>>> print(open('structure.pdb').read())   # PDB, C-alpha atoms
MODEL        1
ATOM      1  CA  MET A 273     150.697  40.195 118.344  1.00  0.00           C
ATOM      2  CA  THR A 274     152.544  41.970 121.134  1.00  0.00           C
ATOM      3  CA  ARG A 275     155.482  40.259 122.773  1.00  0.00           C
ATOM      4  CA  HIS A 276     155.221  40.511 126.514  1.00  0.00           C
ATOM      5  CA  CYS A 277     158.056  40.286 129.026  1.00  0.00           C
ATOM      6  CA  CYS A 278     157.540  36.681 130.157  1.00  0.00           C
ATOM      7  CA  GLU A 279     155.334  33.629 129.680  1.00  0.00           C
ATOM      8  CA  ALA A 280     153.212  34.441 132.727  1.00  0.00           C
ATOM      9  CA  MET A 281     152.493  37.988 131.497  1.00  0.00           C
ATOM     10  CA  THR A 282     151.700  36.641 128.032  1.00  0.00           C
ATOM     11  CA  ARG A 283     149.261  34.138 129.515  1.00  0.00           C
ATOM     12  CA  HIS A 284     147.491  36.805 131.596  1.00  0.00           C
ATOM     13  CA  ALA A 285     147.594  39.702 129.095  1.00  0.00           C
ATOM     14  CA  ASP A 286     146.311  37.476 126.271  1.00  0.00           C
ATOM     15  CA  TRP A 287     143.711  35.725 128.472  1.00  0.00           C
ATOM     16  CA  HIS A 288     140.648  34.423 126.644  1.00  0.00           C
ATOM     17  CA  CYS A 289     137.646  32.950 128.424  1.00  0.00           C
ATOM     18  CA  ASP A 290     135.061  30.636 126.899  1.00  0.00           C
ATOM     19  CA  SER A 291     132.357  32.046 129.212  1.00  0.00           C
ATOM     20  CA  HIS A 292     133.074  35.793 129.063  1.00  0.00           C
ATOM     21  CA  ASN A 293     133.703  37.968 126.010  1.00  0.00           C
ATOM     22  CA  ASP A 294     134.735  40.899 128.199  1.00  0.00           C
ATOM     23  CA  PRO A 295     137.804  40.411 130.426  1.00  0.00           C
ATOM     24  CA  PHE A 296     136.337  42.867 132.949  1.00  0.00           C
ATOM     25  CA  ALA A 297     133.419  40.439 133.417  1.00  0.00           C
ATOM     26  CA  CYS A 298     135.655  37.387 133.861  1.00  0.00           C
ATOM     27  CA  PRO A 299     136.805  36.772 137.432  1.00  0.00           C
ATOM     28  CA  ASP A 300     139.817  34.833 136.108  1.00  0.00           C
ATOM     29  CA  ALA A 301     141.142  37.750 134.016  1.00  0.00           C
ATOM     30  CA  LEU A 302     143.828  39.636 135.928  1.00  0.00           C
ATOM     31  CA  VAL A 303     145.625  41.878 133.433  1.00  0.00           C
ATOM     32  CA  ASP A 304     144.300  44.320 130.861  1.00  0.00           C
ATOM     33  CA  PHE A 305     146.724  45.254 128.076  1.00  0.00           C
ATOM     34  CA  SER A 306     146.006  48.169 125.757  1.00  0.00           C
ATOM     35  CA  ALA A 307     148.022  47.606 122.576  1.00  0.00           C
ATOM     36  CA  LYS A 308     147.340  51.092 121.205  1.00  0.00           C
ATOM     37  CA  PHE A 309     148.686  52.749 124.364  1.00  0.00           C
ATOM     38  CA  GLN A 310     151.168  49.993 125.335  1.00  0.00           C
ATOM     39  CA  GLU A 311     149.706  50.085 128.860  1.00  0.00           C
ATOM     40  CA  TYR A 312     149.265  47.271 131.357  1.00  0.00           C
ATOM     41  CA  GLY A 313     146.841  47.312 134.259  1.00  0.00           C
ATOM     42  CA  LEU A 314     145.483  45.001 136.922  1.00  0.00           C
ATOM     43  CA  ILE A 315     141.735  44.577 136.481  1.00  0.00           C
ATOM     44  CA  VAL A 316     139.583  45.759 139.378  1.00  0.00           C
ATOM     45  CA  HIS A 317     136.551  43.486 139.377  1.00  0.00           C
ATOM     46  CA  ASP A 318     134.035  46.064 140.573  1.00  0.00           C
ATOM     47  CA  GLY A 319     131.476  45.631 137.804  1.00  0.00           C
ATOM     48  CA  GLY A 320     133.015  48.305 135.580  1.00  0.00           C
ATOM     49  CA  THR A 321     136.190  48.767 133.573  1.00  0.00           C
ATOM     50  CA  SER A 322     138.468  49.966 136.351  1.00  0.00           C
ATOM     51  CA  ARG A 323     142.094  48.984 136.336  1.00  0.00           C
ATOM     52  CA  ILE A 324     145.234  49.888 138.221  1.00  0.00           C
ATOM     53  CA  GLY A 325     148.143  50.768 135.944  1.00  0.00           C
ATOM     54  CA  ILE A 326     151.366  48.896 136.566  1.00  0.00           C
ATOM     55  CA  ASP A 327     154.950  49.728 135.583  1.00  0.00           C
ATOM     56  CA  PHE A 328     156.567  46.395 136.424  1.00  0.00           C
ATOM     57  CA  CYS A 329     155.576  42.818 135.670  1.00  0.00           C
ATOM     58  CA  PRO A 330     154.123  41.144 138.780  1.00  0.00           C
ATOM     59  CA  TRP A 331     155.691  37.814 137.740  1.00  0.00           C
ATOM     60  CA  CYS A 332     159.200  38.510 136.436  1.00  0.00           C
ATOM     61  CA  GLY A 333     159.752  42.047 137.760  1.00  0.00           C
ATOM     62  CA  GLN A 334     160.771  43.495 134.404  1.00  0.00           C
ATOM     63  CA  ARG A 335     159.980  47.150 133.746  1.00  0.00           C
ATOM     64  CA  LEU A 336     157.061  47.359 131.332  1.00  0.00           C
ATOM     65  CA  PRO A 337     157.093  49.641 128.265  1.00  0.00           C
ATOM     66  CA  GLU A 338     156.436  53.326 128.761  1.00  0.00           C
ATOM     67  CA  SER A 339     152.854  54.339 128.024  1.00  0.00           C
ATOM     68  CA  GLN A 340     152.307  55.755 124.544  1.00  0.00           C
ATOM     69  CA  ARG A 341     148.973  57.377 125.460  1.00  0.00           C
ATOM     70  CA  ASP A 342     150.214  60.988 125.070  1.00  0.00           C
ATOM     71  CA  ARG A 343     151.964  60.143 121.818  1.00  0.00           C
ATOM     72  CA  TRP A 344     148.761  58.487 120.510  1.00  0.00           C
ATOM     73  CA  PHE A 345     146.797  61.686 121.105  1.00  0.00           C
ATOM     74  CA  ASP A 346     149.629  63.781 119.603  1.00  0.00           C
ATOM     75  CA  GLU A 347     149.674  61.641 116.443  1.00  0.00           C
ATOM     76  CA  LEU A 348     145.908  62.011 116.017  1.00  0.00           C
ATOM     77  CA  GLU A 349     146.089  65.763 116.606  1.00  0.00           C
ATOM     78  CA  ALA A 350     148.881  66.075 114.004  1.00  0.00           C
ATOM     79  CA  ARG A 351     146.501  64.440 111.491  1.00  0.00           C
ATOM     80  CA  GLY A 352     143.657  66.779 112.449  1.00  0.00           C
ATOM     81  CA  ILE A 353     141.651  63.991 114.103  1.00  0.00           C
ATOM     82  CA  ASP A 354     139.700  64.626 117.291  1.00  0.00           C
ATOM     83  CA  PRO A 355     139.260  61.189 118.919  1.00  0.00           C
ATOM     84  CA  TRP A 356     136.207  62.424 120.851  1.00  0.00           C
ATOM     85  CA  GLU A 357     134.416  63.716 117.740  1.00  0.00           C
ATOM     86  CA  ASP A 358     135.901  62.026 114.654  1.00  0.00           C
ATOM     87  CA  ASP A 359     136.217  58.432 113.502  1.00  0.00           C
ATOM     88  CA  VAL A 360     139.596  57.106 114.601  1.00  0.00           C
ATOM     89  CA  PRO A 361     141.405  55.278 111.762  1.00  0.00           C
ATOM     90  CA  ALA A 362     141.741  51.502 112.092  1.00  0.00           C
ATOM     91  CA  GLU A 363     145.539  51.653 112.478  1.00  0.00           C
ATOM     92  CA  PHE A 364     145.044  53.614 115.714  1.00  0.00           C
ATOM     93  CA  GLN A 365     142.826  50.898 117.255  1.00  0.00           C
ATOM     94  CA  ASP A 366     145.844  48.702 118.060  1.00  0.00           C
ATOM     95  CA  ASP A 367     149.635  49.039 117.946  1.00  0.00           C
ATOM     96  CA  THR A 368     149.816  49.357 114.142  1.00  0.00           C
ATOM     97  CA  TRP A 369     150.231  53.137 114.424  1.00  0.00           C
ATOM     98  CA  LEU A 370     153.405  52.670 116.490  1.00  0.00           C
ATOM     99  CA  ARG A 371     155.118  50.768 113.691  1.00  0.00           C
ATOM    100  CA  SER A 372     154.188  53.390 111.086  1.00  0.00           C
ATOM    101  CA  ALA A 373     155.019  56.392 113.333  1.00  0.00           C
ATOM    102  CA  SER A 374     158.510  55.175 114.219  1.00  0.00           C
TER     103      SER A 374
ENDMDL
END
>>> encode(input="structure.pdb", output="structure tokens")
Amino acid sequence: MTRHCCEAMTRHADWHCDSHNDPFACPDALVDFSAKFQEYGLIVHDGGTSRIGIDFCPWCGQRLPESQRDRWFDELEARGIDPWEDDVPAEFQDDTWLRSAS
């Protein structure tokens, strides 16, 4: 499980709702966290999966980790995997790949 910068961010990034399986469908969900990319975003409740990326925690002000999106694609490319065409290995579905690529 990812450690977030503060209790408030942890509560919002790890939000679970008994009524909604999808955080984008839950009006109480505020933050989307992508473990595989290490990205945080504020959910835009427009009926889709829009979000606004953020660089600082709205609650404690701490700078959030740098996005690993480009590195994720680079790691897949180095293994000869096209994420648009090929099956992406399980370790690349969350932050497991970051621990093994370090």
>>> residues_around(input="structure.pdb", residues="A:Phe345", least_positions_apart="3", cutoff="12 Å", atoms="only C-alpha atoms", output="list in words")
Lys308, Phe309, Ser339, Gln340, Arg341, Asp342, Leu348, Glu349, Ala350, Arg351, Gly352, Ile353, Asp354, Pro355, Trp356, Val360, Phe364 and Trp369 of chain A
>>> resolve_selection(input="structure.pdb", expression="the PyMOL selection byres ((chain A and resi 368) around 12)", output="list of chain:residue names")
A:Met273, A:Thr274, A:Ala307, A:Lys308, A:Phe309, A:Gln310, A:Trp344, A:Pro361, A:Ala362, A:Glu363, A:Phe364, A:Gln365, A:Asp366, A:Asp367, A:Trp369, A:Leu370, A:Arg371, A:Ser372, A:Ala373, A:Ser374
>>> residues_around(input="structure.pdb", residues="A:Thr321", least_positions_apart="2", cutoff="12 Å", atoms="all atoms listed in the file", output="list in words")
Asp294, Pro295, Phe296, Ala297, Cys298, Val303, Asp304, Gly313, Leu314, Ile315, Val316, His317, Asp318, Gly319, Arg323 and Ile324 of chain A
>>> closest_residue(input="structure.pdb", among="A:Trp287, A:Ser306, A:Tyr312, A:Asp300", to="A:Cys329", atoms="all atoms listed in the file")
A:Tyr312
>>> atom_distance(input="structure.pdb", atom1="atom CA of A:Met281", atom2="atom CA of A:Glu338")
16.1 Å
>>> closest_residue(input="structure.pdb", among="A:Asp358, A:Ser291, A:Glu347, A:Glu311", to="A:Arg335", atoms="only C-alpha atoms")
A:Glu311
>>> atom_distance(input="structure.pdb", atom1="atom CA of A:Cys278", atom2="atom CA of A:Cys332")
6.7 Å
>>> atom_distance(input="structure.pdb", atom1="atom CA of A:Ala285", atom2="atom CA of A:Phe305")
5.7 Å
>>> axis_aligned_box(input="structure.pdb", around="stretch 365-369 of chain A", padding_each_side="4 Å", output="AutoDock Vina command-line options")
--center_x 146.5 --center_y 50.9 --center_z 116.1 --size_x 15.4 --size_y 12.4 --size_z 11.9
>>> decode(input="structure.pdb", residues="stretch 282-324 of chain A", atoms="N, CA and C atoms", output="PDB file, in the first residue's frame")
ATOM      1  N   THR A 282      -4.346  10.356   2.625  1.00  0.00           N
ATOM      2  CA  THR A 282      -4.557   8.910   2.711  1.00  0.00           C
ATOM      3  C   THR A 282      -6.040   8.590   2.707  1.00  0.00           C
ATOM      4  N   ARG A 283      -6.803   9.320   3.494  1.00  0.00           N
ATOM      5  CA  ARG A 283      -8.249   9.096   3.571  1.00  0.00           C
ATOM      6  C   ARG A 283      -8.906   9.313   2.206  1.00  0.00           C
ATOM      7  N   HIS A 284      -8.526  10.347   1.492  1.00  0.00           N
ATOM      8  CA  HIS A 284      -9.152  10.658   0.206  1.00  0.00           C
ATOM      9  C   HIS A 284      -8.621   9.788  -0.938  1.00  0.00           C
ATOM     10  N   ALA A 285      -7.317   9.525  -0.956  1.00  0.00           N
ATOM     11  CA  ALA A 285      -6.737   8.713  -2.040  1.00  0.00           C
ATOM     12  C   ALA A 285      -7.140   7.244  -1.924  1.00  0.00           C
ATOM     13  N   ASP A 286      -7.373   6.782  -0.700  1.00  0.00           N
ATOM     14  CA  ASP A 286      -7.762   5.386  -0.474  1.00  0.00           C
ATOM     15  C   ASP A 286      -9.261   5.242  -0.221  1.00  0.00           C
ATOM     16  N   TRP A 287     -10.043   6.225  -0.642  1.00  0.00           N
ATOM     17  CA  TRP A 287     -11.491   6.258  -0.410  1.00  0.00           C
ATOM     18  C   TRP A 287     -12.174   5.016  -0.966  1.00  0.00           C
ATOM     19  N   HIS A 288     -13.032   4.421  -0.161  1.00  0.00           N
ATOM     20  CA  HIS A 288     -13.856   3.293  -0.601  1.00  0.00           C
ATOM     21  C   HIS A 288     -15.293   3.596  -0.216  1.00  0.00           C
ATOM     22  N   CYS A 289     -16.199   3.356  -1.141  1.00  0.00           N
ATOM     23  CA  CYS A 289     -17.612   3.660  -0.936  1.00  0.00           C
ATOM     24  C   CYS A 289     -18.417   2.362  -0.981  1.00  0.00           C
ATOM     25  N   ASP A 290     -19.342   2.226  -0.065  1.00  0.00           N
ATOM     26  CA  ASP A 290     -20.198   1.039  -0.042  1.00  0.00           C
ATOM     27  C   ASP A 290     -21.219   1.040  -1.184  1.00  0.00           C
ATOM     28  N   SER A 291     -21.507   2.217  -1.745  1.00  0.00           N
ATOM     29  CA  SER A 291     -22.532   2.329  -2.788  1.00  0.00           C
ATOM     30  C   SER A 291     -21.974   2.362  -4.208  1.00  0.00           C
ATOM     31  N   HIS A 292     -20.693   2.722  -4.353  1.00  0.00           N
ATOM     32  CA  HIS A 292     -20.107   2.875  -5.686  1.00  0.00           C
ATOM     33  C   HIS A 292     -18.786   2.107  -5.778  1.00  0.00           C
ATOM     34  N   ASN A 293     -18.678   1.244  -6.764  1.00  0.00           N
ATOM     35  CA  ASN A 293     -17.414   0.535  -6.998  1.00  0.00           C
ATOM     36  C   ASN A 293     -16.390   1.425  -7.690  1.00  0.00           C
ATOM     37  N   ASP A 294     -16.866   2.376  -8.460  1.00  0.00           N
ATOM     38  CA  ASP A 294     -16.011   3.262  -9.242  1.00  0.00           C
ATOM     39  C   ASP A 294     -15.939   4.625  -8.562  1.00  0.00           C
ATOM     40  N   PRO A 295     -14.744   5.091  -8.191  1.00  0.00           N
ATOM     41  CA  PRO A 295     -14.651   6.397  -7.528  1.00  0.00           C
ATOM     42  C   PRO A 295     -15.154   7.550  -8.399  1.00  0.00           C
ATOM     43  N   PHE A 296     -15.098   7.391  -9.720  1.00  0.00           N
ATOM     44  CA  PHE A 296     -15.581   8.455 -10.601  1.00  0.00           C
ATOM     45  C   PHE A 296     -17.109   8.562 -10.571  1.00  0.00           C
ATOM     46  N   ALA A 297     -17.776   7.524 -10.076  1.00  0.00           N
ATOM     47  CA  ALA A 297     -19.235   7.536  -9.948  1.00  0.00           C
ATOM     48  C   ALA A 297     -19.683   7.991  -8.563  1.00  0.00           C
ATOM     49  N   CYS A 298     -18.759   8.080  -7.631  1.00  0.00           N
ATOM     50  CA  CYS A 298     -19.099   8.433  -6.248  1.00  0.00           C
ATOM     51  C   CYS A 298     -18.906   9.929  -6.015  1.00  0.00           C
ATOM     52  N   PRO A 299     -19.955  10.645  -5.680  1.00  0.00           N
ATOM     53  CA  PRO A 299     -19.827  12.083  -5.475  1.00  0.00           C
ATOM     54  C   PRO A 299     -18.966  12.450  -4.267  1.00  0.00           C
ATOM     55  N   ASP A 300     -18.707  11.495  -3.380  1.00  0.00           N
ATOM     56  CA  ASP A 300     -17.875  11.760  -2.208  1.00  0.00           C
ATOM     57  C   ASP A 300     -16.387  11.526  -2.459  1.00  0.00           C
ATOM     58  N   ALA A 301     -16.037  10.887  -3.573  1.00  0.00           N
ATOM     59  CA  ALA A 301     -14.637  10.647  -3.914  1.00  0.00           C
ATOM     60  C   ALA A 301     -14.055  11.927  -4.514  1.00  0.00           C
ATOM     61  N   LEU A 302     -12.934  12.365  -3.967  1.00  0.00           N
ATOM     62  CA  LEU A 302     -12.321  13.614  -4.422  1.00  0.00           C
ATOM     63  C   LEU A 302     -11.009  13.414  -5.163  1.00  0.00           C
ATOM     64  N   VAL A 303     -10.235  12.412  -4.744  1.00  0.00           N
ATOM     65  CA  VAL A 303      -8.882  12.228  -5.277  1.00  0.00           C
ATOM     66  C   VAL A 303      -8.761  10.876  -5.957  1.00  0.00           C
ATOM     67  N   ASP A 304      -8.140  10.872  -7.129  1.00  0.00           N
ATOM     68  CA  ASP A 304      -7.789   9.638  -7.813  1.00  0.00           C
ATOM     69  C   ASP A 304      -6.271   9.505  -7.719  1.00  0.00           C
ATOM     70  N   PHE A 305      -5.806   8.340  -7.277  1.00  0.00           N
ATOM     71  CA  PHE A 305      -4.373   8.071  -7.199  1.00  0.00           C
ATOM     72  C   PHE A 305      -4.057   6.884  -8.087  1.00  0.00           C
ATOM     73  N   SER A 306      -3.130   7.073  -9.005  1.00  0.00           N
ATOM     74  CA  SER A 306      -2.669   5.991  -9.875  1.00  0.00           C
ATOM     75  C   SER A 306      -1.344   5.491  -9.323  1.00  0.00           C
ATOM     76  N   ALA A 307      -1.361   4.305  -8.715  1.00  0.00           N
ATOM     77  CA  ALA A 307      -0.147   3.741  -8.122  1.00  0.00           C
ATOM     78  C   ALA A 307       0.918   3.476  -9.183  1.00  0.00           C
ATOM     79  N   LYS A 308       0.499   2.965 -10.350  1.00  0.00           N
ATOM     80  CA  LYS A 308       1.505   2.612 -11.363  1.00  0.00           C
ATOM     81  C   LYS A 308       2.221   3.840 -11.913  1.00  0.00           C
ATOM     82  N   PHE A 309       1.556   4.983 -11.948  1.00  0.00           N
ATOM     83  CA  PHE A 309       2.180   6.209 -12.433  1.00  0.00           C
ATOM     84  C   PHE A 309       2.611   7.146 -11.307  1.00  0.00           C
ATOM     85  N   GLN A 310       2.195   6.847 -10.066  1.00  0.00           N
ATOM     86  CA  GLN A 310       2.456   7.716  -8.918  1.00  0.00           C
ATOM     87  C   GLN A 310       1.896   9.117  -9.164  1.00  0.00           C
ATOM     88  N   GLU A 311       0.678   9.169  -9.698  1.00  0.00           N
ATOM     89  CA  GLU A 311       0.017  10.436 -10.024  1.00  0.00           C
ATOM     90  C   GLU A 311      -1.234  10.628  -9.170  1.00  0.00           C
ATOM     91  N   TYR A 312      -1.433  11.871  -8.756  1.00  0.00           N
ATOM     92  CA  TYR A 312      -2.624  12.262  -8.015  1.00  0.00           C
ATOM     93  C   TYR A 312      -3.442  13.211  -8.877  1.00  0.00           C
ATOM     94  N   GLY A 313      -4.753  13.123  -8.759  1.00  0.00           N
ATOM     95  CA  GLY A 313      -5.616  14.046  -9.486  1.00  0.00           C
ATOM     96  C   GLY A 313      -6.922  14.264  -8.748  1.00  0.00           C
ATOM     97  N   LEU A 314      -7.483  15.442  -8.918  1.00  0.00           N
ATOM     98  CA  LEU A 314      -8.804  15.742  -8.374  1.00  0.00           C
ATOM     99  C   LEU A 314      -9.835  15.261  -9.383  1.00  0.00           C
ATOM    100  N   ILE A 315     -10.785  14.478  -8.909  1.00  0.00           N
ATOM    101  CA  ILE A 315     -11.811  13.901  -9.785  1.00  0.00           C
ATOM    102  C   ILE A 315     -12.789  14.977 -10.232  1.00  0.00           C
ATOM    103  N   VAL A 316     -13.037  15.016 -11.539  1.00  0.00           N
ATOM    104  CA  VAL A 316     -14.037  15.909 -12.117  1.00  0.00           C
ATOM    105  C   VAL A 316     -15.294  15.067 -12.312  1.00  0.00           C
ATOM    106  N   HIS A 317     -16.305  15.338 -11.545  1.00  0.00           N
ATOM    107  CA  HIS A 317     -17.530  14.532 -11.611  1.00  0.00           C
ATOM    108  C   HIS A 317     -18.413  15.015 -12.761  1.00  0.00           C
ATOM    109  N   ASP A 318     -18.013  14.600 -13.969  1.00  0.00           N
ATOM    110  CA  ASP A 318     -18.734  14.992 -15.182  1.00  0.00           C
ATOM    111  C   ASP A 318     -19.349  13.791 -15.891  1.00  0.00           C
ATOM    112  N   GLY A 319     -19.370  12.651 -15.206  1.00  0.00           N
ATOM    113  CA  GLY A 319     -19.928  11.443 -15.799  1.00  0.00           C
ATOM    114  C   GLY A 319     -18.895  10.570 -16.483  1.00  0.00           C
ATOM    115  N   GLY A 320     -17.655  11.030 -16.547  1.00  0.00           N
ATOM    116  CA  GLY A 320     -16.587  10.259 -17.179  1.00  0.00           C
ATOM    117  C   GLY A 320     -15.470   9.994 -16.192  1.00  0.00           C
ATOM    118  N   THR A 321     -14.256   9.904 -16.714  1.00  0.00           N
ATOM    119  CA  THR A 321     -13.095   9.635 -15.860  1.00  0.00           C
ATOM    120  C   THR A 321     -12.098  10.791 -15.887  1.00  0.00           C
ATOM    121  N   SER A 322     -12.625  11.996 -16.022  1.00  0.00           N
ATOM    122  CA  SER A 322     -11.759  13.174 -16.046  1.00  0.00           C
ATOM    123  C   SER A 322     -11.201  13.457 -14.663  1.00  0.00           C
ATOM    124  N   ARG A 323      -9.982  13.963 -14.668  1.00  0.00           N
ATOM    125  CA  ARG A 323      -9.353  14.392 -13.430  1.00  0.00           C
ATOM    126  C   ARG A 323      -8.373  15.502 -13.732  1.00  0.00           C
ATOM    127  N   ILE A 324      -8.096  16.309 -12.728  1.00  0.00           N
ATOM    128  CA  ILE A 324      -7.140  17.393 -12.861  1.00  0.00           C
ATOM    129  C   ILE A 324      -5.919  17.009 -12.041  1.00  0.00           C
TER     130      ILE A 324
END
